>>> print(open('input.txt').read())   # compact mmCIF, C-alpha atoms
# COMPACT_ATOMS: atom_id res chain seq x y z
CA MET A 1 5.63 -18.05 -5.48
CA SER A 2 2.76 -18.62 -3.10
CA THR A 3 -0.31 -20.80 -3.27
CA ILE A 4 -3.42 -18.86 -2.41
CA ALA A 5 -7.08 -19.75 -1.98
CA LEU A 6 -9.80 -17.16 -2.27
CA LYS A 7 -13.34 -16.69 -3.48
CA VAL A 8 -13.91 -14.69 -6.63
CA ASN A 9 -17.51 -13.88 -7.48
CA GLY A 10 -18.64 -16.69 -5.24
CA LYS A 11 -16.42 -19.34 -6.80
CA ASP A 12 -13.50 -20.93 -4.99
CA VAL A 13 -10.17 -20.21 -6.65
CA SER A 14 -6.93 -21.87 -5.69
CA THR A 15 -3.85 -20.89 -7.61
CA GLU A 16 -0.15 -20.21 -7.49
CA VAL A 17 0.95 -16.59 -7.89
CA GLU A 18 4.20 -14.72 -7.87
CA ASP A 19 4.43 -12.78 -4.62
CA ARG A 20 4.85 -9.57 -6.59
CA ALA A 21 1.72 -10.19 -8.71
CA LEU A 22 -0.94 -7.56 -8.21
CA LEU A 23 -4.52 -8.55 -7.46
CA VAL A 24 -5.63 -7.01 -10.76
CA GLU A 25 -3.10 -9.18 -12.62
CA LEU A 26 -4.58 -12.29 -11.04
CA ILE A 27 -8.10 -11.12 -11.91
CA ARG A 28 -7.41 -10.16 -15.51
CA GLU A 29 -4.58 -12.36 -16.67
CA GLU A 30 -5.10 -15.58 -14.77
CA LEU A 31 -8.87 -15.60 -14.19
CA LYS A 32 -9.57 -13.76 -17.48
CA LEU A 33 -12.09 -11.48 -15.81
CA THR A 34 -11.28 -8.49 -17.97
CA GLY A 35 -14.13 -6.27 -16.79
CA THR A 36 -11.79 -4.88 -14.14
CA HIS A 37 -9.60 -2.35 -15.93
CA VAL A 38 -6.17 -0.84 -15.40
CA GLY A 39 -6.22 2.84 -16.24
CA CYS A 40 -3.41 4.66 -14.52
CA ASP A 41 -1.69 1.87 -12.54
CA THR A 42 -0.85 4.53 -9.93
CA SER A 43 -3.95 4.31 -7.67
CA GLN A 44 -5.43 7.52 -9.01
CA CYS A 45 -8.12 6.56 -11.51
CA GLY A 46 -10.22 3.84 -9.88
CA ALA A 47 -10.82 1.77 -13.04
CA CYS A 48 -9.51 -1.25 -11.10
CA VAL A 49 -11.80 -0.98 -8.08
CA VAL A 50 -13.11 -4.34 -6.83
CA HIS A 51 -14.63 -5.39 -3.52
CA VAL A 52 -12.44 -7.35 -1.12
CA ASP A 53 -14.49 -8.77 1.74
CA GLY A 54 -17.22 -6.35 0.74
CA VAL A 55 -15.05 -3.22 0.75
CA ALA A 56 -13.92 -1.20 -2.29
CA MET A 57 -10.20 -1.40 -2.98
CA LYS A 58 -7.89 -0.56 -5.84
CA SER A 59 -6.77 -3.91 -7.17
CA CYS A 60 -3.75 -2.34 -8.88
CA THR A 61 -2.39 -1.35 -5.46
CA MET A 62 -2.74 -4.62 -3.65
CA PHE A 63 -0.83 -7.87 -4.03
CA ALA A 64 -2.76 -10.98 -5.03
CA VAL A 65 -1.26 -12.78 -2.01
CA GLN A 66 -2.82 -10.16 0.24
CA ALA A 67 -6.21 -11.42 -0.95
CA ASN A 68 -5.45 -14.93 0.27
CA GLY A 69 -8.55 -16.12 2.13
CA ALA A 70 -10.60 -13.14 1.00
CA ASP A 71 -13.94 -12.90 -0.75
CA VAL A 72 -13.37 -10.85 -3.91
CA ARG A 73 -16.14 -9.47 -6.09
CA THR A 74 -15.56 -7.95 -9.52
CA ILE A 75 -17.93 -6.24 -11.94
CA GLU A 76 -18.66 -9.66 -13.47
CA GLY A 77 -20.06 -10.81 -10.15
CA VAL A 78 -22.61 -8.14 -9.29
CA ALA A 79 -25.49 -9.12 -11.63
CA GLU A 80 -27.88 -11.93 -10.69
CA GLY A 81 -27.80 -14.06 -13.83
CA ASP A 82 -29.25 -11.95 -16.63
CA ALA A 83 -30.70 -9.39 -14.24
CA LEU A 84 -28.37 -6.43 -13.92
CA HIS A 85 -27.51 -5.12 -10.47
CA PRO A 86 -29.68 -2.03 -9.77
CA MET A 87 -26.57 0.15 -10.00
CA GLN A 88 -25.66 -1.31 -13.41
CA ALA A 89 -29.25 -0.80 -14.56
CA ALA A 90 -29.13 2.81 -13.41
CA PHE A 91 -25.92 3.44 -15.39
CA ALA A 92 -27.66 2.03 -18.49
CA GLU A 93 -30.88 3.97 -17.88
CA HIS A 94 -29.12 7.31 -17.27
CA HIS A 95 -26.36 6.74 -19.80
CA GLY A 96 -23.73 7.03 -17.07
CA LEU A 97 -20.90 6.37 -19.48
CA GLN A 98 -19.33 7.63 -22.66
CA CYS A 99 -16.43 5.36 -23.69
CA GLY A 100 -17.15 2.98 -20.83
CA PHE A 101 -13.58 2.39 -19.70
CA CYS A 102 -14.06 3.77 -16.20
CA THR A 103 -17.55 2.27 -15.79
CA PRO A 104 -16.70 -0.99 -13.97
CA GLY A 105 -14.74 0.95 -11.35
CA MET A 106 -17.48 3.57 -11.11
CA VAL A 107 -20.14 0.93 -10.51
CA MET A 108 -18.05 -0.89 -7.88
CA THR A 109 -17.29 2.39 -6.12
CA ALA A 110 -20.95 3.41 -6.28
CA ILE A 111 -22.12 0.16 -4.69
CA ASP A 112 -19.54 0.65 -1.91
CA MET A 113 -20.75 4.23 -1.45
CA VAL A 114 -24.27 2.95 -0.78
CA ARG A 115 -22.92 0.35 1.67
CA ARG A 116 -21.20 3.10 3.67
CA LEU A 117 -23.56 6.05 3.31
CA GLY A 118 -26.99 4.61 2.61
CA ASN A 119 -29.49 4.88 -0.22
CA ASP A 120 -30.26 8.57 -0.10
CA LEU A 121 -27.20 10.23 -1.63
CA ASP A 122 -27.16 13.88 -2.64
CA GLU A 123 -25.20 15.19 -5.58
CA ALA A 124 -22.49 16.90 -3.52
CA THR A 125 -21.80 13.70 -1.58
CA ILE A 126 -21.62 11.62 -4.75
CA ARG A 127 -19.20 14.04 -6.42
CA HIS A 128 -16.99 14.14 -3.34
CA GLU A 129 -17.03 10.36 -2.95
CA LEU A 130 -15.92 9.96 -6.58
CA GLU A 131 -12.57 11.61 -5.86
CA GLY A 132 -10.80 8.31 -6.46
CA ASN A 133 -12.48 7.56 -9.78
CA ILE A 134 -11.62 9.45 -12.92
CA CYS A 135 -13.73 9.58 -16.08
CA ARG A 136 -11.40 10.69 -18.84
CA CYS A 137 -14.41 11.54 -21.05
CA THR A 138 -15.48 13.84 -18.18
CA GLY A 139 -18.95 12.32 -18.30
CA TYR A 140 -19.61 12.98 -14.66
CA GLN A 141 -23.02 14.58 -15.05
CA ASN A 142 -24.75 11.34 -15.99
CA ILE A 143 -22.54 9.23 -13.76
CA VAL A 144 -23.74 11.27 -10.78
CA LYS A 145 -27.38 10.96 -11.92
CA ALA A 146 -26.95 7.21 -12.37
CA ILE A 147 -25.44 6.73 -8.91
CA LYS A 148 -28.21 8.74 -7.28
CA ALA A 149 -30.87 6.67 -9.02
CA GLY A 150 -29.00 3.39 -8.50
CA ALA A 151 -28.60 4.09 -4.79
CA SER A 152 -32.37 4.62 -4.45
CA ALA A 153 -33.11 1.53 -6.51
CA MET A 154 -30.88 -0.57 -4.24
CA ALA A 155 -33.25 0.18 -1.34
CA SER A 156 -36.14 -1.64 -2.96
CA MET B 1 8.53 -4.50 -10.05
CA TYR B 2 11.36 -6.72 -8.89
CA GLU B 3 10.75 -10.07 -7.27
CA THR B 4 10.02 -10.23 -3.59
CA SER B 5 8.91 -12.77 -0.97
CA TYR B 6 5.72 -12.08 0.95
CA HIS B 7 5.05 -13.12 4.54
CA ARG B 8 1.94 -12.70 6.64
CA PRO B 9 2.80 -13.31 10.30
CA SER B 10 0.01 -13.41 12.88
CA SER B 11 2.07 -12.11 15.80
CA LEU B 12 4.36 -9.20 16.42
CA ALA B 13 7.17 -11.50 17.51
CA ASP B 14 6.98 -13.44 14.25
CA ALA B 15 6.94 -10.21 12.27
CA ALA B 16 10.06 -8.97 14.07
CA SER B 17 11.96 -12.19 13.48
CA LEU B 18 10.96 -12.40 9.81
CA LEU B 19 12.18 -8.86 9.38
CA ALA B 20 15.43 -9.54 11.23
CA ASN B 21 16.18 -12.60 9.10
CA ALA B 22 15.46 -10.98 5.74
CA SER B 23 18.36 -9.61 3.71
CA ASP B 24 16.44 -6.45 2.84
CA GLY B 25 13.03 -6.75 4.45
CA ARG B 26 10.33 -4.13 4.57
CA LEU B 27 7.11 -3.92 6.52
CA ILE B 28 3.91 -3.59 4.55
CA ALA B 29 0.41 -2.93 5.84
CA GLY B 30 -1.87 -1.12 3.40
CA GLY B 31 0.89 -0.78 0.82
CA GLN B 32 -0.66 2.38 -0.60
CA THR B 33 2.74 4.05 -0.78
CA LEU B 34 5.07 1.05 -0.85
CA ILE B 35 3.42 -0.76 -3.77
CA PRO B 36 3.54 2.29 -6.10
CA THR B 37 7.15 2.82 -4.99
CA MET B 38 8.00 -0.80 -5.82
CA LYS B 39 6.29 -0.49 -9.21
CA GLN B 40 8.62 2.38 -10.00
CA ARG B 41 11.55 0.28 -8.79
CA LEU B 42 12.39 2.94 -6.25
CA ALA B 43 12.11 0.21 -3.64
CA ALA B 44 13.04 -3.44 -4.16
CA PRO B 45 12.74 -5.24 -0.83
CA SER B 46 13.81 -8.90 -0.76
CA ASP B 47 10.99 -9.64 1.68
CA LEU B 48 7.68 -8.06 2.59
CA VAL B 49 6.37 -8.64 6.09
CA ASP B 50 2.65 -7.85 6.20
CA VAL B 51 1.52 -6.61 9.61
CA ALA B 52 -2.04 -5.80 8.53
CA GLY B 53 -3.36 -9.01 10.10
CA ILE B 54 -1.80 -8.68 13.54
CA ALA B 55 -4.75 -8.45 15.93
CA GLU B 56 -3.09 -6.38 18.65
CA MET B 57 -2.32 -3.66 16.11
CA LYS B 58 -5.93 -3.23 15.02
CA SER B 59 -7.86 -2.03 18.06
CA ILE B 60 -9.07 1.47 18.93
CA ALA B 61 -9.84 2.42 22.53
CA VAL B 62 -10.41 5.49 24.66
CA GLU B 63 -8.19 5.09 27.73
CA GLY B 64 -8.55 7.87 30.30
CA ASP B 65 -7.54 11.14 28.67
CA THR B 66 -6.18 9.44 25.57
CA VAL B 67 -7.28 7.62 22.44
CA SER B 68 -5.12 4.63 21.61
CA ILE B 69 -5.13 3.51 17.99
CA GLY B 70 -3.45 0.40 16.61
CA ALA B 71 -0.91 1.09 13.89
CA ALA B 72 -2.62 -1.29 11.47
CA CYS B 73 -5.93 0.59 11.66
CA THR B 74 -6.87 1.92 8.27
CA HIS B 75 -7.70 5.56 7.64
CA SER B 76 -11.27 4.43 7.16
CA ASP B 77 -11.25 2.66 10.55
CA VAL B 78 -10.11 5.89 12.22
CA ALA B 79 -12.47 8.15 10.26
CA THR B 80 -15.53 6.06 11.09
CA SER B 81 -14.67 5.01 14.65
CA ASP B 82 -17.29 6.20 17.14
CA ALA B 83 -14.60 6.33 19.83
CA VAL B 84 -12.39 8.64 17.77
CA ARG B 85 -15.28 10.77 16.52
CA GLY B 86 -16.49 11.23 20.05
CA ALA B 87 -13.14 12.00 21.67
CA ILE B 88 -11.13 13.74 18.94
CA PRO B 89 -13.42 14.66 16.03
CA GLY B 90 -10.59 16.60 14.38
CA LEU B 91 -8.56 13.39 14.12
CA ALA B 92 -11.46 11.45 12.57
CA GLU B 93 -12.01 14.29 10.14
CA LEU B 94 -8.33 14.33 9.14
CA ALA B 95 -8.31 10.56 8.55
CA GLY B 96 -11.38 10.93 6.32
CA MET B 97 -9.54 13.48 4.17
CA ILE B 98 -6.61 11.20 3.28
CA GLY B 99 -6.49 9.95 -0.32
CA ASP B 100 -9.82 8.65 -1.58
CA PRO B 101 -12.33 6.10 -0.21
CA ALA B 102 -10.61 3.02 -1.68
CA VAL B 103 -7.17 4.19 -0.51
CA ARG B 104 -8.58 4.84 2.97
CA HIS B 105 -9.80 1.23 3.07
CA ARG B 106 -6.19 -0.01 2.91
CA GLY B 107 -3.74 2.69 4.01
CA THR B 108 -2.80 2.62 7.70
CA LEU B 109 -1.85 5.00 10.49
CA GLY B 110 1.45 3.23 11.22
CA GLY B 111 2.41 3.08 7.58
CA SER B 112 1.81 6.78 7.09
CA LEU B 113 3.88 7.72 10.13
CA ALA B 114 6.78 5.40 9.36
CA ASN B 115 6.94 6.77 5.82
CA ASN B 116 6.78 10.41 7.00
CA ASP B 117 5.92 11.83 3.61
CA PRO B 118 6.29 15.62 3.93
CA ALA B 119 2.80 16.01 2.43
CA ALA B 120 1.07 13.28 4.47
CA ASP B 121 -1.76 14.27 6.82
CA TYR B 122 -1.21 12.16 9.93
CA PRO B 123 2.11 13.75 10.97
CA ALA B 124 0.25 17.06 11.50
CA VAL B 125 -2.14 15.65 14.12
CA VAL B 126 0.47 13.43 15.77
CA LEU B 127 2.85 16.34 16.28
CA ALA B 128 0.14 18.87 17.15
CA LEU B 129 -1.43 16.72 19.85
CA GLY B 130 1.94 15.49 21.12
CA ALA B 131 0.97 11.85 20.60
CA THR B 132 3.18 8.99 21.72
CA ILE B 133 4.31 6.43 19.15
CA HIS B 134 4.56 2.93 20.61
CA THR B 135 6.85 0.43 18.91
CA ASP B 136 7.82 -3.17 19.63
CA ARG B 137 10.83 -1.75 21.48
CA ARG B 138 9.92 1.53 23.16
CA GLN B 139 7.72 4.61 23.24
CA ILE B 140 8.67 7.69 21.23
CA ALA B 141 7.31 11.20 21.79
CA ALA B 142 6.04 12.81 18.59
CA ALA B 143 8.55 15.64 19.04
CA ASP B 144 11.38 13.07 18.78
CA PHE B 145 9.85 10.91 16.07
CA PHE B 146 9.80 12.98 12.89
CA ASP B 147 13.25 13.59 11.51
CA GLY B 148 12.85 15.49 8.24
CA MET B 149 11.45 14.44 4.89
CA PHE B 150 10.80 10.64 4.70
CA SER B 151 12.90 10.15 7.82
CA THR B 152 12.02 9.15 11.39
CA SER B 153 13.84 8.07 14.53
CA LEU B 154 12.73 4.45 13.96
CA GLU B 155 15.60 1.97 13.97
CA ASP B 156 16.04 -0.78 11.39
CA GLY B 157 13.38 -3.42 11.92
CA GLU B 158 11.50 -1.42 14.57
CA ILE B 159 7.73 -1.82 14.25
CA VAL B 160 5.21 0.91 15.09
CA THR B 161 2.45 -0.88 16.98
CA ARG B 162 0.16 1.84 18.28
CA VAL B 163 -0.25 5.58 18.64
CA VAL B 164 -1.66 7.19 21.77
CA PHE B 165 -3.26 10.61 21.32
CA PRO B 166 -4.05 12.96 24.23
CA ILE B 167 -7.65 14.16 23.97
CA PRO B 168 -7.70 17.93 23.41
CA GLU B 169 -10.45 20.30 24.44
CA LYS B 170 -11.06 20.98 20.77
CA SER B 171 -9.23 20.52 17.48
CA ALA B 172 -9.65 20.75 13.74
CA TYR B 173 -7.73 20.19 10.52
CA ALA B 174 -7.82 22.10 7.25
CA LYS B 175 -5.82 21.30 4.17
CA PHE B 176 -5.34 22.60 0.68
CA ARG B 177 -5.05 19.61 -1.60
CA ASN B 178 -2.88 19.49 -4.62
CA PRO B 179 -5.63 19.22 -7.24
CA ALA B 180 -3.87 16.38 -9.08
CA SER B 181 -2.40 14.21 -6.34
CA GLY B 182 -4.71 15.10 -3.47
CA TYR B 183 -1.71 15.43 -1.16
CA ALA B 184 -1.56 18.44 1.14
CA MET B 185 0.18 21.51 -0.22
CA ALA B 186 -0.46 22.85 3.24
CA GLY B 187 -2.33 21.09 6.01
CA VAL B 188 -2.76 22.66 9.43
CA PHE B 189 -4.02 20.89 12.55
CA VAL B 190 -4.94 23.25 15.39
CA ALA B 191 -5.66 22.10 18.92
CA ARG B 192 -6.48 23.65 22.26
CA MET B 193 -5.46 21.23 24.95
CA LYS B 194 -7.31 20.70 28.22
CA ASP B 195 -4.64 22.65 30.12
CA GLY B 196 -5.22 25.65 27.83
CA ALA B 197 -2.09 25.15 25.73
CA VAL B 198 -2.43 25.75 22.00
CA ARG B 199 -0.59 23.44 19.62
CA VAL B 200 -0.43 23.73 15.83
CA GLY B 201 1.03 21.13 13.46
CA VAL B 202 1.76 21.97 9.83
CA THR B 203 2.30 19.45 7.04
CA GLY B 204 2.79 19.62 3.28
CA ALA B 205 4.46 22.99 3.24
CA SER B 206 8.00 22.62 4.55
CA GLY B 207 10.92 20.90 2.91
CA ASN B 208 11.79 19.55 6.35
CA GLY B 209 8.43 17.84 6.76
CA VAL B 210 5.96 18.41 9.57
CA PHE B 211 6.60 21.23 12.05
CA ARG B 212 4.92 23.21 14.82
CA SER B 213 4.23 26.86 14.18
CA ALA B 214 5.24 28.77 17.31
CA GLU B 215 3.92 32.06 15.95
CA ILE B 216 0.45 30.72 15.16
CA GLU B 217 0.36 28.99 18.54
CA LYS B 218 1.22 32.25 20.30
CA ALA B 219 -1.37 34.24 18.37
CA LEU B 220 -4.09 31.68 19.15
CA LEU B 221 -3.11 31.54 22.80
CA ASP B 222 -3.72 35.29 23.01
CA SER B 223 -7.03 35.00 21.18
CA TRP B 224 -8.61 31.86 19.76
CA SER B 225 -9.94 33.29 16.51
CA PRO B 226 -9.10 33.43 12.80
CA ALA B 227 -8.60 37.18 13.23
CA ALA B 228 -5.69 36.54 15.59
CA ILE B 229 -3.81 34.80 12.77
CA GLU B 230 -4.56 37.46 10.17
CA PRO B 231 -1.72 39.89 11.02
CA LEU B 232 0.94 37.15 10.91
CA THR B 233 3.39 36.74 8.05
CA ILE B 234 4.58 33.14 7.92
CA SER B 235 8.20 32.91 6.85
CA ALA B 236 8.78 31.35 3.43
CA GLU B 237 12.21 30.16 4.48
CA ASP B 238 12.39 26.33 4.41
CA MET B 239 9.06 26.11 2.56
CA LEU B 240 8.84 23.80 -0.44
CA SER B 241 9.02 25.44 -3.82
CA ASP B 242 8.06 23.47 -6.93
CA ILE B 243 5.84 23.60 -10.03
CA HIS B 244 2.76 23.41 -7.82
CA GLY B 245 3.56 26.47 -5.77
CA SER B 246 6.34 28.77 -4.65
CA ALA B 247 7.65 28.95 -1.10
CA ALA B 248 5.83 32.25 -0.54
CA TYR B 249 2.58 30.76 -1.85
CA ARG B 250 2.86 27.82 0.53
CA ALA B 251 3.72 30.09 3.46
CA ASN B 252 0.53 32.01 2.82
CA LEU B 253 -1.45 28.77 2.46
CA VAL B 254 -0.33 27.79 5.97
CA LYS B 255 -1.89 30.96 7.31
CA VAL B 256 -5.10 30.49 5.33
CA MET B 257 -5.48 26.86 6.39
CA ALA B 258 -4.83 27.76 10.03
CA LYS B 259 -7.59 30.36 9.85
CA ARG B 260 -10.00 27.89 8.26
CA ALA B 261 -9.25 25.24 10.89
CA VAL B 262 -9.85 27.69 13.73
CA ALA B 263 -12.99 29.05 12.07
CA ALA B 264 -14.40 25.52 11.87
CA ILE B 265 -14.44 25.21 15.66
CA ALA B 266 -14.24 28.82 16.87
>>> encode(input="input.txt", output="structure tokens")
Amino acid sequence: MSTIALKVNGKDVSTEVEDRALLVELIREELKLTGTHVGCDTSQCGACVVHVDGVAMKSCTMFAVQANGADVRTIEGVAEGDALHPMQAAFAEHHGLQCGFCTPGMVMTAIDMVRRLGNDLDEATIRHELEGNICRCTGYQNIVKAIKAGASAMAS
Amino acid sequence: MYETSYHRPSSLADAASLLANASDGRLIAGGQTLIPTMKQRLAAPSDLVDVAGIAEMKSIAVEGDTVSIGAACTHSDVATSDAVRGAIPGLAELAGMIGDPAVRHRGTLGGSLANNDPAADYPAVVLALGATIHTDRRQIAAADFFDGMFSTSLEDGEIVTRVVFPIPEKSAYAKFRNPASGYAMAGVFVARMKDGAVRVGVTGASGNGVFRSAEIEKALLDSWSPAAIEPLTISAEDMLSDIHGSAAYRANLVKVMAKRAVAAIA
């Protein structure tokens, strides 16, 4: 067991975890932030993507102790109060989801995409950049539209 | 996953001693291979020694005719480094083709090399450019480092600290991804060195892991063009054969990827 201290969605968290506990287990089971999903548990699907120190990572393939001292942001932490993050709003506007299971990971990946590549993303880039996020409903068409619009909206 | 004890040393010396004192210790950096392996209970280390935070293993620098990259640099660090993109664009390009964006944010150069997965990308560029692997004990030439599938010449507890790549005149990498896993079914790194030598590293295809293709090197030395590779028949002997592709299929993929890599910088 290790005692770790980190920030999650801006709040200080100090807790004891088993060294083998995954970051996603801490997020979902201890902190009860169940917006972050576990789809494949084999780092393929991206449903568990969160931001660690501002960078997208798969929380199913990282130990909670490795996030000691880090600033973690989950899907619950991207909106400003009742105002959705522009990327969340774009997913709603363009219906970038079918069952919704992959959506938190898609949104977190999309925000990271904008951080790295800027606000003007073309369709080919978005599709390529989504290689680590799987939508089992295969609803990519609207996901791509939503990310393109959300990326633009993040500029304003 | 079985229980384990996690350590995060801040120096190389501390990492080495933690590893030496563990009953069955393993290094971890990005953990993008080790954590899935532990989940499947194919690995059950008593101790994990995390080297991702060791400062001296994280820098990237152009030094004379070489690029020196810390073993704890992530694939994303290498892919986006101005120094690497300027000196060896083929290497930056290769790093940006590993896994997916989130995996590239954690997986590391040293971890990939120490694991020596036969379908990993980095072994192709390390062998092709004749890089030197620096450890906490010695320096190992790429030609002496890779030792067959998932095997290297690293000793127990030896820590890869840095890799030094000679800067070629030009180089490029092309790979055919397995559509499900994204791993290379054949990945070919071609390089023309500053002394005119041609070196070609092939990953993903052989059951013995990464290798240099003498016949492609010879053909490209005679004429640096995709057409020079066209008449070759790559031997299917030693090639992997599984549900994803037969040995003959992979042998042909090596040729096709070599042609694409050369075409990209012809």
>>> interface_residues(input="input.txt", of="chain B", to="chain A", cutoff="7 Å", atoms="only C-alpha atoms", output="CSV table (one decimal) with C-alpha atoms, keeping the file's coordinate frame")
chain,number,residue,atom,x,y,z
B,3,GLU,CA,10.8,-10.1,-7.3
B,4,THR,CA,10.0,-10.2,-3.6
B,5,SER,CA,8.9,-12.8,-1.0
B,6,TYR,CA,5.7,-12.1,1.0
B,31,GLY,CA,0.9,-0.8,0.8
B,32,GLN,CA,-0.7,2.4,-0.6
B,35,ILE,CA,3.4,-0.8,-3.8
B,36,PRO,CA,3.5,2.3,-6.1
B,100,ASP,CA,-9.8,8.6,-1.6
B,101,PRO,CA,-12.3,6.1,-0.2
B,102,ALA,CA,-10.6,3.0,-1.7
B,103,VAL,CA,-7.2,4.2,-0.5
B,105,HIS,CA,-9.8,1.2,3.1
>>> residues_around(input="input.txt", residues="Cys48 in chain A", least_positions_apart="3", cutoff="8 Å", atoms="all atoms listed in the file", output="number ranges by chain")
A: 24, 36-39, 45, 58-60, 104-105
>>> closest_residue(input="input.txt", among="B:Val256, B:Ala61, B:Ala52, B:Ile234", to="Ala15 in chain B", atoms="all atoms listed in the file")
B:Ala52
>>> residues_around(input="input.txt", residues="Asp121 in chain B", least_positions_apart="3", cutoff="7 Å", atoms="all atoms listed in the file", output="number ranges by chain")
B: 94, 98, 124, 187, 203
>>> write_last_selection(input="input.txt", atoms="C-alpha atoms", output="PDB file, in the frame of the given file")
ATOM      1  CA  LEU B  94      -8.330  14.330   9.140  1.00  0.00           C
ATOM      2  CA  ILE B  98      -6.610  11.200   3.280  1.00  0.00           C
ATOM      3  CA  ALA B 124       0.250  17.060  11.500  1.00  0.00           C
ATOM      4  CA  GLY B 187      -2.330  21.090   6.010  1.00  0.00           C
ATOM      5  CA  THR B 203       2.300  19.450   7.040  1.00  0.00           C
TER       6      THR B 203
END
>>> atom_distance(input="input.txt", atom1="CA of Ile75 in chain A", atom2="CA of Leu31 in chain A")
13.2 Å
>>> closest_residue(input="input.txt", among="B:Leu129, B:Ala248, B:Met97, B:Ala191", to="Thr66 in chain B", atoms="all atoms listed in the file")
B:Leu129
>>> atom_distance(input="input.txt", atom1="CA of Ile88 in chain B", atom2="CA of Val62 in chain B")
10.1 Å
>>> atom_distance(input="input.txt", atom1="CA of Cys102 in chain A", atom2="CA of Arg136 in chain A")
7.9 Å
>>> decode(input="input.txt", residues="range 7-20 of chain B", atoms="N, CA and C atoms", output="PDB file, in the first residue's frame")
ATOM      1  N   HIS B   7       8.113   1.451  -6.469  1.00  0.00           N
ATOM      2  CA  HIS B   7       9.128   2.408  -6.001  1.00  0.00           C
ATOM      3  C   HIS B   7       9.378   3.439  -7.089  1.00  0.00           C
ATOM      4  N   ARG B   8       9.596   4.680  -6.667  1.00  0.00           N
ATOM      5  CA  ARG B   8       9.893   5.717  -7.662  1.00  0.00           C
ATOM      6  C   ARG B   8      11.184   6.437  -7.270  1.00  0.00           C
ATOM      7  N   PRO B   9      12.321   5.866  -7.603  1.00  0.00           N
ATOM      8  CA  PRO B   9      13.595   6.501  -7.243  1.00  0.00           C
ATOM      9  C   PRO B   9      13.827   7.746  -8.105  1.00  0.00           C
ATOM     10  N   SER B  10      14.637   8.688  -7.577  1.00  0.00           N
ATOM     11  CA  SER B  10      14.920   9.887  -8.363  1.00  0.00           C
ATOM     12  C   SER B  10      16.314   9.845  -8.970  1.00  0.00           C
ATOM     13  N   SER B  11      17.093   8.802  -8.642  1.00  0.00           N
ATOM     14  CA  SER B  11      18.422   8.702  -9.249  1.00  0.00           C
ATOM     15  C   SER B  11      18.641   7.292  -9.780  1.00  0.00           C
ATOM     16  N   LEU B  12      19.569   7.217 -10.707  1.00  0.00           N
ATOM     17  CA  LEU B  12      19.910   5.941 -11.318  1.00  0.00           C
ATOM     18  C   LEU B  12      20.501   4.984 -10.286  1.00  0.00           C
ATOM     19  N   ALA B  13      21.323   5.527  -9.401  1.00  0.00           N
ATOM     20  CA  ALA B  13      21.954   4.696  -8.367  1.00  0.00           C
ATOM     21  C   ALA B  13      20.895   4.075  -7.459  1.00  0.00           C
ATOM     22  N   ASP B  14      19.906   4.881  -7.078  1.00  0.00           N
ATOM     23  CA  ASP B  14      18.835   4.358  -6.226  1.00  0.00           C
ATOM     24  C   ASP B  14      18.028   3.289  -6.970  1.00  0.00           C
ATOM     25  N   ALA B  15      17.800   3.533  -8.244  1.00  0.00           N
ATOM     26  CA  ALA B  15      17.039   2.553  -9.035  1.00  0.00           C
ATOM     27  C   ALA B  15      17.791   1.224  -9.077  1.00  0.00           C
ATOM     28  N   ALA B  16      19.102   1.303  -9.311  1.00  0.00           N
ATOM     29  CA  ALA B  16      19.901   0.072  -9.395  1.00  0.00           C
ATOM     30  C   ALA B  16      19.892  -0.676  -8.069  1.00  0.00           C
ATOM     31  N   SER B  17      19.975   0.049  -6.959  1.00  0.00           N
ATOM     32  CA  SER B  17      20.025  -0.669  -5.687  1.00  0.00           C
ATOM     33  C   SER B  17      18.658  -1.230  -5.308  1.00  0.00           C
ATOM     34  N   LEU B  18      17.598  -0.511  -5.626  1.00  0.00           N
ATOM     35  CA  LEU B  18      16.254  -1.054  -5.378  1.00  0.00           C
ATOM     36  C   LEU B  18      16.049  -2.351  -6.158  1.00  0.00           C
ATOM     37  N   LEU B  19      16.528  -2.322  -7.384  1.00  0.00           N
ATOM     38  CA  LEU B  19      16.376  -3.491  -8.247  1.00  0.00           C
ATOM     39  C   LEU B  19      17.206  -4.668  -7.720  1.00  0.00           C
ATOM     40  N   ALA B  20      18.401  -4.345  -7.273  1.00  0.00           N
ATOM     41  CA  ALA B  20      19.301  -5.401  -6.776  1.00  0.00           C
ATOM     42  C   ALA B  20      18.759  -6.039  -5.505  1.00  0.00           C
TER      43      ALA B  20
END
